[in-house]
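Source file: query-v2.cif. Holds: mmCIF, C-alpha atoms.
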```
data_structure
loop_
_atom_site.label_atom_id
_atom_site.label_comp_id
_atom_site.auth_asym_id
_atom_site.auth_seq_id
_atom_site.Cartn_x
_atom_site.Cartn_y
_atom_site.Cartn_z
CA MET A 1205 3.89 1.04 57.87
CA SER A 1206 7.11 1.23 55.88
CA GLU A 1207 10.43 2.40 57.23
CA LYS A 1208 10.30 5.60 55.16
CA GLU A 1209 6.82 6.45 56.40
CA GLU A 1210 7.95 5.87 60.00
CA GLU A 1211 10.87 8.23 59.48
CA LEU A 1212 8.58 10.92 58.07
CA GLN A 1213 6.13 10.48 60.95
CA SER A 1214 8.91 10.71 63.54
CA LEU A 1215 10.18 13.90 61.89
CA ASP A 1216 6.68 15.37 62.02
CA GLU A 1217 6.38 14.42 65.71
CA LEU A 1218 9.74 16.02 66.55
CA ALA A 1219 8.74 19.21 64.78
CA ALA A 1220 5.37 19.24 66.55
CA GLU A 1221 7.05 18.93 69.97
CA GLY A 1222 9.16 21.92 69.19
CA GLU A 1223 12.40 20.00 69.06
CA GLU A 1224 14.83 20.73 66.28
CA ALA A 1225 14.60 18.09 63.54
CA ASP A 1226 17.55 16.68 61.75
CA PHE A 1227 17.29 18.65 58.53
CA ASP A 1228 19.95 16.60 56.78
CA GLN A 1229 17.82 13.49 57.19
CA ALA A 1230 14.73 15.33 55.94
CA GLU A 1231 16.66 16.61 52.92
CA ALA A 1232 17.90 13.08 52.13
CA THR A 1233 14.32 11.77 52.34
CA TYR A 1234 13.12 14.53 50.02
CA ASP A 1235 15.89 13.68 47.51
CA GLU A 1236 14.83 10.02 47.59
CA ILE A 1237 11.20 10.98 46.90
CA GLU A 1238 12.28 13.16 43.98
CA ALA A 1239 14.45 10.32 42.60
CA LEU A 1240 11.48 7.94 42.83
CA ARG A 1241 9.25 10.46 41.02
CA ALA A 1242 11.83 10.86 38.25
CA GLU A 1243 12.11 7.09 37.92
CA ARG A 1244 8.30 6.81 37.79
CA ASP A 1245 8.13 9.44 35.05
CA GLU A 1246 10.87 7.66 33.10
CA PHE A 1247 9.00 4.35 33.31
CA ARG A 1248 5.75 6.05 32.28
CA ASP A 1249 7.51 7.55 29.25
CA LYS A 1250 8.99 4.18 28.29
CA PHE A 1251 5.60 2.53 28.67
CA MET A 1252 3.86 5.12 26.47
CA ARG A 1253 6.56 4.77 23.80
CA ALA A 1254 6.26 0.97 23.87
CA LEU A 1255 2.47 1.26 23.58
CA ALA A 1256 2.77 3.61 20.60
CA ASP A 1257 5.35 1.34 18.98
CA ALA A 1258 3.05 -1.68 19.40
CA GLU A 1259 0.16 0.24 17.81
CA ASN A 1260 2.35 1.33 14.88
CA THR A 1261 3.50 -2.27 14.39
CA ARG A 1262 -0.12 -3.48 14.38
CA LYS A 1263 -1.12 -0.85 11.80
CA ARG A 1264 1.91 -1.67 9.63
CA ALA A 1265 1.12 -5.40 9.76
CA ASP A 1266 -2.51 -4.71 8.85
CA ARG A 1267 -1.45 -2.54 5.89
CA ASP A 1268 1.06 -5.19 4.74
CA ARG A 1269 -1.63 -7.88 4.95
CA ARG A 1270 -4.05 -5.80 2.83
CA GLU A 1271 -1.35 -5.12 0.25
CA ALA A 1272 -0.46 -8.81 0.11
CA GLU A 1273 -4.13 -9.65 -0.49
CA ASN A 1274 -4.52 -7.03 -3.22
CA TYR A 1275 -1.14 -7.16 -4.94
CA GLY A 1276 0.37 -10.52 -3.95
CA GLY A 1277 -0.70 -12.11 -7.23
CA SER A 1278 0.74 -9.38 -9.43
CA ARG A 1279 3.57 -11.59 -10.72
CA LEU A 1280 1.11 -14.31 -11.73
CA ALA A 1281 -1.18 -11.72 -13.30
CA ARG A 1282 1.74 -10.23 -15.23
CA ASP A 1283 2.65 -13.72 -16.45
CA LEU A 1284 -0.93 -14.28 -17.70
CA LEU A 1285 -1.00 -11.09 -19.81
CA PRO A 1286 0.83 -12.73 -22.77
CA VAL A 1287 -1.84 -15.46 -22.73
CA PHE A 1288 -4.47 -12.73 -23.08
CA ASP A 1289 -2.47 -11.09 -25.88
CA ASN A 1290 -2.06 -14.36 -27.80
CA MET A 1291 -5.74 -15.22 -27.50
CA SER A 1292 -6.69 -11.71 -28.68
CA ARG A 1293 -4.41 -12.08 -31.71
CA ALA A 1294 -5.84 -15.52 -32.46
CA LEU A 1295 -9.42 -14.19 -32.36
CA ALA A 1296 -8.50 -11.23 -34.55
CA ALA A 1297 -6.72 -13.51 -37.04
CA PHE A 1298 -9.68 -15.89 -37.23
CA LYS A 1299 -12.13 -13.04 -37.78
CA GLU A 1300 -9.96 -11.48 -40.50
CA SER A 1301 -9.19 -14.79 -42.15
CA GLU A 1302 -10.97 -15.67 -45.35
CA GLU A 1303 -10.36 -19.34 -44.71
CA ASN A 1304 -13.13 -21.47 -43.32
CA VAL A 1305 -12.37 -21.79 -39.60
CA PRO A 1306 -14.31 -24.43 -37.68
CA GLU A 1307 -17.03 -22.66 -35.70
CA SER A 1308 -16.40 -24.83 -32.63
CA LEU A 1309 -12.72 -23.75 -32.51
CA LEU A 1310 -13.65 -20.08 -32.72
CA GLU A 1311 -16.35 -20.54 -30.06
CA GLY A 1312 -13.90 -22.36 -27.76
CA ILE A 1313 -11.34 -19.57 -28.00
CA GLU A 1314 -14.01 -16.92 -27.35
CA LEU A 1315 -15.28 -18.82 -24.27
CA THR A 1316 -11.74 -19.22 -22.95
CA MET A 1317 -11.09 -15.52 -23.52
CA ARG A 1318 -14.29 -14.54 -21.65
CA GLU A 1319 -13.35 -16.83 -18.75
CA LEU A 1320 -9.86 -15.29 -18.59
CA ILE A 1321 -11.38 -11.79 -18.50
CA ASN A 1322 -13.81 -12.88 -15.74
CA VAL A 1323 -10.92 -14.25 -13.67
CA PHE A 1324 -9.05 -10.97 -14.20
CA LYS A 1325 -12.06 -8.96 -12.99
CA LYS A 1326 -12.55 -11.26 -9.99
CA HIS A 1327 -9.01 -10.46 -8.87
CA GLY A 1328 -9.16 -6.70 -9.54
CA ILE A 1329 -7.41 -6.67 -12.92
CA GLU A 1330 -9.05 -4.18 -15.27
CA PRO A 1331 -8.06 -3.56 -18.90
CA ILE A 1332 -6.89 -0.18 -20.15
CA GLN A 1333 -8.24 0.07 -23.69
CA PRO A 1334 -7.44 3.46 -25.18
CA GLU A 1335 -9.17 4.57 -28.38
CA VAL A 1336 -7.59 6.17 -31.42
CA GLY A 1337 -7.88 9.95 -31.03
CA GLU A 1338 -7.63 9.98 -27.23
CA LYS A 1339 -4.96 12.08 -25.55
CA PHE A 1340 -1.76 10.21 -24.64
CA ASP A 1341 -1.50 9.69 -20.85
CA PRO A 1342 2.01 8.69 -19.71
CA GLN A 1343 0.50 7.32 -16.46
CA GLN A 1344 -1.40 4.63 -18.40
CA HIS A 1345 0.13 4.47 -21.87
CA GLU A 1346 3.53 3.58 -23.25
CA ALA A 1347 4.46 5.27 -26.54
CA MET A 1348 5.88 2.61 -28.84
CA PHE A 1349 6.44 5.07 -31.67
CA GLU A 1350 5.77 8.64 -32.64
CA ALA A 1351 4.82 9.63 -36.17
CA PRO A 1352 3.36 12.67 -37.92
CA LEU A 1353 -0.18 11.93 -39.15
CA PRO A 1354 -2.14 14.60 -41.01
CA GLY A 1355 -5.47 15.48 -39.40
CA THR A 1356 -4.31 14.75 -35.85
CA LYS A 1357 -2.90 16.83 -33.04
CA ALA A 1358 0.42 16.19 -31.34
CA GLY A 1359 -0.03 13.83 -28.42
CA GLU A 1360 -3.09 12.00 -29.78
CA ILE A 1361 -3.13 8.22 -29.93
CA ILE A 1362 -3.02 7.07 -33.56
CA GLN A 1363 -2.66 3.31 -33.02
CA VAL A 1364 -3.17 0.82 -30.17
CA SER A 1365 -0.65 -2.04 -30.19
CA ALA A 1366 -1.51 -3.78 -26.91
CA THR A 1367 -4.08 -3.46 -24.15
CA GLY A 1368 -2.83 -2.26 -20.77
CA PHE A 1369 -3.97 -3.46 -17.37
CA MET A 1370 -4.48 -2.06 -13.87
CA LEU A 1371 -4.33 -4.20 -10.72
CA HIS A 1372 -6.70 -2.36 -8.38
CA ASP A 1373 -5.10 1.11 -8.34
CA ARG A 1374 -1.65 0.10 -9.62
CA LEU A 1375 -0.48 -0.09 -13.18
CA LEU A 1376 0.23 -3.71 -14.08
CA ARG A 1377 1.15 -2.99 -17.70
CA PRO A 1378 0.73 0.22 -19.70
CA ALA A 1379 -1.24 0.17 -22.92
CA GLN A 1380 1.18 0.23 -25.85
CA VAL A 1381 0.25 2.94 -28.32
CA GLY A 1382 1.49 4.97 -31.25
CA VAL A 1383 1.36 8.74 -30.80
CA SER A 1384 1.00 11.56 -33.30
CA SER A 1385 3.84 14.04 -33.54
CA THR A 1386 2.09 16.39 -35.96
CA PRO A 1387 3.08 19.92 -35.01
CA ALA A 1388 0.30 22.44 -34.41
CA SER A 1389 -0.38 24.48 -37.54
#
```
Go ahead and express the file in the form of structure tokens.
Amino acid sequence: MSEKEEELQSLDELAAEGEEADFDQAEATYDEIEALRAERDEFRDKFMRALADAENTRKRADRDRREAENYGGSRLARDLLPVFDNMSRALAAFKESEENVPESLLEGIELTMRELINVFKKHGIEPIQPEVGEKFDPQQHEAMFEAPLPGTKAGEIIQVSATGFMLHDRLLRPAQVGVSSTPAS
């Protein structure tokens, strides 16, 4: 039995025998119990806060890890976009050319282009390929110029200069387009 418990028991015995107990000592013991309860509550509060902080840190680390997996290669992907652009221009030039282009060269460029697109898809990179006549969307398109064009409405895409790309749900590069500024008649 602890010293405090013995004191409480002796106080109870004195009271039971009808003798007058030392109320100052009883009050001091009560104050000590209240101080211990307050300290217990303080430690419980600190423990709960530390537990919540640890859980928040775990969730934040998990979210950061997922973002690193999904978006960590965005700089490399952005650096590969000019390769895609140059290969697209080369294919377009060969197809428009009246010169006799070796079939094996054209086939090699097309295969390389398909492989690049497959690698993009594997890593969550999707092209944004707007069509002429679509409505301009500032969330996915970048207006390179604005010009009045008869037969179109203001805000319609009139030319596509470059394909845009999304990396999962983030814009990697907006599609570069020309937009009609024809006022409504």
Self-check item: Shortest interatomic distance to Leu1315 (chain A) - which of A:Tyr1234, A:Leu1295, A:Gln1343, A:Arg1374, counting only C-alpha atoms
Solution: A:Leu1295
Quiz item: So which one's closest to Gly1277 (chain A), A:Gln1344, A:Thr1261, A:Glu1243, A:His1372? Using only C-alpha atoms, please.
Solution: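 Residue with the minimum atom-to-atom distance to Gly1277 (chain A): A:His1372.
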Practice problem: Would you mind listing what lies within 7 Å of region 1376-1382 of chain A as a ChimeraX atom specification, with all atoms listed in the file counted and same-chain residues fewer than 2 positions away left out? | Solution: /A:1282,1332,1344-1350,1361-1371,1374,1384
Prev. selection, C-alpha atoms, output as a CSV table (one decimal), in the coordinates of the input:
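Generated file (result-v5.csv):
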```csv
chain,number,residue,atom,x,y,z
A,1282,ARG,CA,1.7,-10.2,-15.2
A,1332,ILE,CA,-6.9,-0.2,-20.2
A,1344,GLN,CA,-1.4,4.6,-18.4
A,1345,HIS,CA,0.1,4.5,-21.9
A,1346,GLU,CA,3.5,3.6,-23.2
A,1347,ALA,CA,4.5,5.3,-26.5
A,1348,MET,CA,5.9,2.6,-28.8
A,1349,PHE,CA,6.4,5.1,-31.7
A,1350,GLU,CA,5.8,8.6,-32.6
A,1361,ILE,CA,-3.1,8.2,-29.9
A,1362,ILE,CA,-3.0,7.1,-33.6
A,1363,GLN,CA,-2.7,3.3,-33.0
A,1364,VAL,CA,-3.2,0.8,-30.2
A,1365,SER,CA,-0.6,-2.0,-30.2
A,1366,ALA,CA,-1.5,-3.8,-26.9
A,1367,THR,CA,-4.1,-3.5,-24.2
A,1368,GLY,CA,-2.8,-2.3,-20.8
A,1369,PHE,CA,-4.0,-3.5,-17.4
A,1370,MET,CA,-4.5,-2.1,-13.9
A,1371,LEU,CA,-4.3,-4.2,-10.7
A,1374,ARG,CA,-1.6,0.1,-9.6
A,1384,SER,CA,1.0,11.6,-33.3
```
Quiz item: For Pro1387 (chain A), which of A:Gly1312, A:Pro1306, A:Gly1355, A:Gly1328 is the closest residue, counting all atoms listed in the file?
Solution: A:Gly1355
Place a sphere of radius 12 Å on (-2.1, -17.0, -27.1) in the file coordinates and name every protein, DNA or RNA residue with an atom inside or on its surface, counting only C-alpha atoms; give the answer as an mmCIF file with C-alpha atoms, in the frame of the given file.
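Final output, saved to out.cif:
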```
data_model
loop_
_atom_site.group_PDB
_atom_site.id
_atom_site.type_symbol
_atom_site.label_atom_id
_atom_site.label_comp_id
_atom_site.auth_asym_id
_atom_site.auth_seq_id
_atom_site.Cartn_x
_atom_site.Cartn_y
_atom_site.Cartn_z
ATOM 1 C CA LEU A 1284 -0.930 -14.280 -17.700
ATOM 2 C CA LEU A 1285 -1.000 -11.090 -19.810
ATOM 3 C CA PRO A 1286 0.830 -12.730 -22.770
ATOM 4 C CA VAL A 1287 -1.840 -15.460 -22.730
ATOM 5 C CA PHE A 1288 -4.470 -12.730 -23.080
ATOM 6 C CA ASP A 1289 -2.470 -11.090 -25.880
ATOM 7 C CA ASN A 1290 -2.060 -14.360 -27.800
ATOM 8 C CA MET A 1291 -5.740 -15.220 -27.500
ATOM 9 C CA SER A 1292 -6.690 -11.710 -28.680
ATOM 10 C CA ARG A 1293 -4.410 -12.080 -31.710
ATOM 11 C CA ALA A 1294 -5.840 -15.520 -32.460
ATOM 12 C CA LEU A 1295 -9.420 -14.190 -32.360
ATOM 13 C CA ALA A 1296 -8.500 -11.230 -34.550
ATOM 14 C CA ALA A 1297 -6.720 -13.510 -37.040
ATOM 15 C CA ILE A 1313 -11.340 -19.570 -28.000
ATOM 16 C CA GLU A 1314 -14.010 -16.920 -27.350
ATOM 17 C CA THR A 1316 -11.740 -19.220 -22.950
ATOM 18 C CA MET A 1317 -11.090 -15.520 -23.520
ATOM 19 C CA LEU A 1320 -9.860 -15.290 -18.590
#
```
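Straight-line separation from CA of Leu1353 (chain A) to CA of Asp1341 (chain A): 18.5 Å.
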Quiz prompt | Top pick for closest residue to Gly1337 (chain A), considering A:Asp1235, A:Pro1352, A:Val1383, A:Glu1311 and counting only C-alpha atoms | solution =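 Residue with the minimum atom-to-atom distance to Gly1337 (chain A): A:Val1383.
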Quiz item: In Å, with one decimal, what is the gap from CA of Glu1330 (chain A) to CA of Ser1278 (chain A)?
Solution: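 Separating CA of Glu1330 (chain A) from CA of Ser1278 (chain A) is a distance of 12.5 Å.
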Quiz prompt | Length of the CA of Phe1298 (chain A) to CA of His1327 (chain A) vector [Å] | solution =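 Rounded to one decimal, the two atoms are 28.9 Å apart.
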Exercise. Evaluate the PyMOL selection byres ((chain A and resi 1357) around 8) on the structure here and hand back the selected residues as number ranges by chain.
Key: A: 1355-1356, 1358-1360, 1384-1388
Expected file: the selected residues, C-alpha atoms, as a CSV table (one decimal), in the frame of the given file:
```csv
chain,number,residue,atom,x,y,z
A,1355,GLY,CA,-5.5,15.5,-39.4
A,1356,THR,CA,-4.3,14.8,-35.8
A,1358,ALA,CA,0.4,16.2,-31.3
A,1359,GLY,CA,0.0,13.8,-28.4
A,1360,GLU,CA,-3.1,12.0,-29.8
A,1384,SER,CA,1.0,11.6,-33.3
A,1385,SER,CA,3.8,14.0,-33.5
A,1386,THR,CA,2.1,16.4,-36.0
A,1387,PRO,CA,3.1,19.9,-35.0
A,1388,ALA,CA,0.3,22.4,-34.4
```
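Distances to Lys1326 (chain A) were evaluated for A:Leu1310, A:Ala1351, A:Glu1338, A:Asn1274 using only C-alpha atoms, and the minimum falls at A:Asn1274.
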Saved region 1248-1370 of chain A from the preceding structure, C-alpha atoms, as a PDB file, in the first residue's frame:
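The resulting file, result.pdb, is shown below:
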```pdb
ATOM      1  CA  ARG A1248      -3.727  12.589 -22.611  1.00  0.00           C
ATOM      2  CA  ASP A1249      -4.239  15.751 -24.672  1.00  0.00           C
ATOM      3  CA  LYS A1250      -0.578  15.811 -25.710  1.00  0.00           C
ATOM      4  CA  PHE A1251      -0.737  12.132 -26.645  1.00  0.00           C
ATOM      5  CA  MET A1252      -3.866  12.613 -28.786  1.00  0.00           C
ATOM      6  CA  ARG A1253      -2.294  15.604 -30.552  1.00  0.00           C
ATOM      7  CA  ALA A1254       0.908  13.640 -31.225  1.00  0.00           C
ATOM      8  CA  LEU A1255      -1.158  10.741 -32.573  1.00  0.00           C
ATOM      9  CA  ALA A1256      -3.108  13.060 -34.882  1.00  0.00           C
ATOM     10  CA  ASP A1257       0.108  14.736 -36.022  1.00  0.00           C
ATOM     11  CA  ALA A1258       1.668  11.348 -36.833  1.00  0.00           C
ATOM     12  CA  GLU A1259      -1.413  10.362 -38.862  1.00  0.00           C
ATOM     13  CA  ASN A1260      -1.345  13.665 -40.771  1.00  0.00           C
ATOM     14  CA  THR A1261       2.355  13.183 -41.503  1.00  0.00           C
ATOM     15  CA  ARG A1262       1.693   9.658 -42.794  1.00  0.00           C
ATOM     16  CA  LYS A1263      -1.114  10.891 -45.066  1.00  0.00           C
ATOM     17  CA  ARG A1264       1.031  13.777 -46.346  1.00  0.00           C
ATOM     18  CA  ALA A1265       3.937  11.419 -47.098  1.00  0.00           C
ATOM     19  CA  ASP A1266       1.589   9.041 -48.914  1.00  0.00           C
ATOM     20  CA  ARG A1267       0.165  11.900 -51.011  1.00  0.00           C
ATOM     21  CA  ASP A1268       3.680  13.193 -51.792  1.00  0.00           C
ATOM     22  CA  ARG A1269       4.767   9.695 -52.854  1.00  0.00           C
ATOM     23  CA  ARG A1270       1.762   9.351 -55.214  1.00  0.00           C
ATOM     24  CA  GLU A1271       2.433  12.776 -56.709  1.00  0.00           C
ATOM     25  CA  ALA A1272       6.094  11.915 -57.216  1.00  0.00           C
ATOM     26  CA  GLU A1273       5.078   8.714 -59.013  1.00  0.00           C
ATOM     27  CA  ASN A1274       2.564  10.498 -61.247  1.00  0.00           C
ATOM     28  CA  TYR A1275       4.279  13.824 -61.870  1.00  0.00           C
ATOM     29  CA  GLY A1276       7.961  13.242 -61.069  1.00  0.00           C
ATOM     30  CA  GLY A1277       8.827  12.772 -64.739  1.00  0.00           C
ATOM     31  CA  SER A1278       7.092  15.937 -65.905  1.00  0.00           C
ATOM     32  CA  ARG A1279      10.374  17.732 -66.651  1.00  0.00           C
ATOM     33  CA  LEU A1280      11.581  14.837 -68.800  1.00  0.00           C
ATOM     34  CA  ALA A1281       8.197  14.640 -70.512  1.00  0.00           C
ATOM     35  CA  ARG A1282       8.264  18.382 -71.199  1.00  0.00           C
ATOM     36  CA  ASP A1283      11.757  18.006 -72.668  1.00  0.00           C
ATOM     37  CA  LEU A1284      10.529  15.224 -75.009  1.00  0.00           C
ATOM     38  CA  LEU A1285       7.685  17.313 -76.460  1.00  0.00           C
ATOM     39  CA  PRO A1286       9.969  19.110 -78.974  1.00  0.00           C
ATOM     40  CA  VAL A1287      11.096  15.672 -80.204  1.00  0.00           C
ATOM     41  CA  PHE A1288       7.433  14.841 -80.852  1.00  0.00           C
ATOM     42  CA  ASP A1289       6.930  18.194 -82.604  1.00  0.00           C
ATOM     43  CA  ASN A1290       9.981  17.735 -84.841  1.00  0.00           C
ATOM     44  CA  MET A1291       8.982  14.203 -85.811  1.00  0.00           C
ATOM     45  CA  SER A1292       5.440  15.391 -86.595  1.00  0.00           C
ATOM     46  CA  ARG A1293       6.819  18.148 -88.822  1.00  0.00           C
ATOM     47  CA  ALA A1294       9.158  15.692 -90.544  1.00  0.00           C
ATOM     48  CA  LEU A1295       6.286  13.296 -91.290  1.00  0.00           C
ATOM     49  CA  ALA A1296       4.097  16.128 -92.569  1.00  0.00           C
ATOM     50  CA  ALA A1297       6.931  17.441 -94.763  1.00  0.00           C
ATOM     51  CA  PHE A1298       7.610  14.000 -96.234  1.00  0.00           C
ATOM     52  CA  LYS A1299       3.939  13.434 -96.991  1.00  0.00           C
ATOM     53  CA  GLU A1300       3.572  16.860 -98.636  1.00  0.00           C
ATOM     54  CA  SER A1301       6.845  16.591-100.520  1.00  0.00           C
ATOM     55  CA  GLU A1302       6.736  15.829-104.201  1.00  0.00           C
ATOM     56  CA  GLU A1303      10.254  14.475-104.050  1.00  0.00           C
ATOM     57  CA  ASN A1304      10.824  10.765-103.939  1.00  0.00           C
ATOM     58  CA  VAL A1305      11.492   9.970-100.275  1.00  0.00           C
ATOM     59  CA  PRO A1306      12.909   6.519 -99.502  1.00  0.00           C
ATOM     60  CA  GLU A1307      10.067   4.382 -98.149  1.00  0.00           C
ATOM     61  CA  SER A1308      12.306   2.882 -95.453  1.00  0.00           C
ATOM     62  CA  LEU A1309      13.115   6.362 -94.061  1.00  0.00           C
ATOM     63  CA  LEU A1310       9.442   7.298 -93.899  1.00  0.00           C
ATOM     64  CA  GLU A1311       8.579   3.950 -92.288  1.00  0.00           C
ATOM     65  CA  GLY A1312      11.367   4.367 -89.712  1.00  0.00           C
ATOM     66  CA  ILE A1313      10.132   7.811 -88.695  1.00  0.00           C
ATOM     67  CA  GLU A1314       6.534   6.556 -88.425  1.00  0.00           C
ATOM     68  CA  LEU A1315       7.625   3.605 -86.242  1.00  0.00           C
ATOM     69  CA  THR A1316       9.676   5.895 -84.015  1.00  0.00           C
ATOM     70  CA  MET A1317       6.729   8.279 -83.719  1.00  0.00           C
ATOM     71  CA  ARG A1318       4.359   5.422 -82.755  1.00  0.00           C
ATOM     72  CA  GLU A1319       6.840   4.190 -80.144  1.00  0.00           C
ATOM     73  CA  LEU A1320       7.155   7.698 -78.683  1.00  0.00           C
ATOM     74  CA  ILE A1321       3.352   7.972 -78.459  1.00  0.00           C
ATOM     75  CA  ASN A1322       3.177   4.524 -76.776  1.00  0.00           C
ATOM     76  CA  VAL A1323       5.776   5.591 -74.206  1.00  0.00           C
ATOM     77  CA  PHE A1324       3.787   8.780 -73.579  1.00  0.00           C
ATOM     78  CA  LYS A1325       0.594   6.771 -73.003  1.00  0.00           C
ATOM     79  CA  LYS A1326       2.404   4.306 -70.728  1.00  0.00           C
ATOM     80  CA  HIS A1327       3.396   7.211 -68.480  1.00  0.00           C
ATOM     81  CA  GLY A1328       0.012   8.984 -68.509  1.00  0.00           C
ATOM     82  CA  ILE A1329       0.797  11.605 -71.157  1.00  0.00           C
ATOM     83  CA  GLU A1330      -2.190  12.176 -73.427  1.00  0.00           C
ATOM     84  CA  PRO A1331      -2.299  14.515 -76.432  1.00  0.00           C
ATOM     85  CA  ILE A1332      -4.719  17.419 -76.679  1.00  0.00           C
ATOM     86  CA  GLN A1333      -5.616  17.639 -80.359  1.00  0.00           C
ATOM     87  CA  PRO A1334      -8.227  20.324 -80.939  1.00  0.00           C
ATOM     88  CA  GLU A1335     -10.048  20.483 -84.268  1.00  0.00           C
ATOM     89  CA  VAL A1336     -10.731  23.551 -86.380  1.00  0.00           C
ATOM     90  CA  GLY A1337     -14.185  24.854 -85.455  1.00  0.00           C
ATOM     91  CA  GLU A1338     -14.061  23.772 -81.806  1.00  0.00           C
ATOM     92  CA  LYS A1339     -14.617  26.332 -79.071  1.00  0.00           C
ATOM     93  CA  PHE A1340     -11.440  27.832 -77.582  1.00  0.00           C
ATOM     94  CA  ASP A1341     -10.831  26.512 -74.038  1.00  0.00           C
ATOM     95  CA  PRO A1342      -8.263  28.573 -72.080  1.00  0.00           C
ATOM     96  CA  GLN A1343      -7.754  25.601 -69.721  1.00  0.00           C
ATOM     97  CA  GLN A1344      -6.316  23.498 -72.569  1.00  0.00           C
ATOM     98  CA  HIS A1345      -5.476  25.885 -75.395  1.00  0.00           C
ATOM     99  CA  GLU A1346      -3.082  28.779 -75.828  1.00  0.00           C
ATOM    100  CA  ALA A1347      -4.154  31.428 -78.346  1.00  0.00           C
ATOM    101  CA  MET A1348      -1.151  32.212 -80.537  1.00  0.00           C
ATOM    102  CA  PHE A1349      -3.068  34.743 -82.607  1.00  0.00           C
ATOM    103  CA  GLU A1350      -6.538  36.115 -83.104  1.00  0.00           C
ATOM    104  CA  ALA A1351      -7.893  36.980 -86.539  1.00  0.00           C
ATOM    105  CA  PRO A1352     -11.272  37.732 -88.101  1.00  0.00           C
ATOM    106  CA  LEU A1353     -12.321  34.907 -90.438  1.00  0.00           C
ATOM    107  CA  PRO A1354     -15.618  35.104 -92.309  1.00  0.00           C
ATOM    108  CA  GLY A1355     -17.964  32.196 -91.648  1.00  0.00           C
ATOM    109  CA  THR A1356     -16.743  31.609 -88.091  1.00  0.00           C
ATOM    110  CA  LYS A1357     -17.879  32.733 -84.675  1.00  0.00           C
ATOM    111  CA  ALA A1358     -15.720  34.605 -82.199  1.00  0.00           C
ATOM    112  CA  GLY A1359     -13.826  32.177 -79.991  1.00  0.00           C
ATOM    113  CA  GLU A1360     -13.695  29.307 -82.497  1.00  0.00           C
ATOM    114  CA  ILE A1361     -10.389  27.638 -83.300  1.00  0.00           C
ATOM    115  CA  ILE A1362      -9.356  28.468 -86.866  1.00  0.00           C
ATOM    116  CA  GLN A1363      -5.874  26.902 -86.895  1.00  0.00           C
ATOM    117  CA  VAL A1364      -3.910  24.396 -84.798  1.00  0.00           C
ATOM    118  CA  SER A1365      -0.193  25.202 -84.558  1.00  0.00           C
ATOM    119  CA  ALA A1366       0.953  22.589 -82.029  1.00  0.00           C
ATOM    120  CA  THR A1367      -0.532  19.654 -80.152  1.00  0.00           C
ATOM    121  CA  GLY A1368      -0.962  20.062 -76.400  1.00  0.00           C
ATOM    122  CA  PHE A1369      -0.421  17.414 -73.751  1.00  0.00           C
ATOM    123  CA  MET A1370      -1.864  16.413 -70.380  1.00  0.00           C
TER     124      MET A1370
END
```
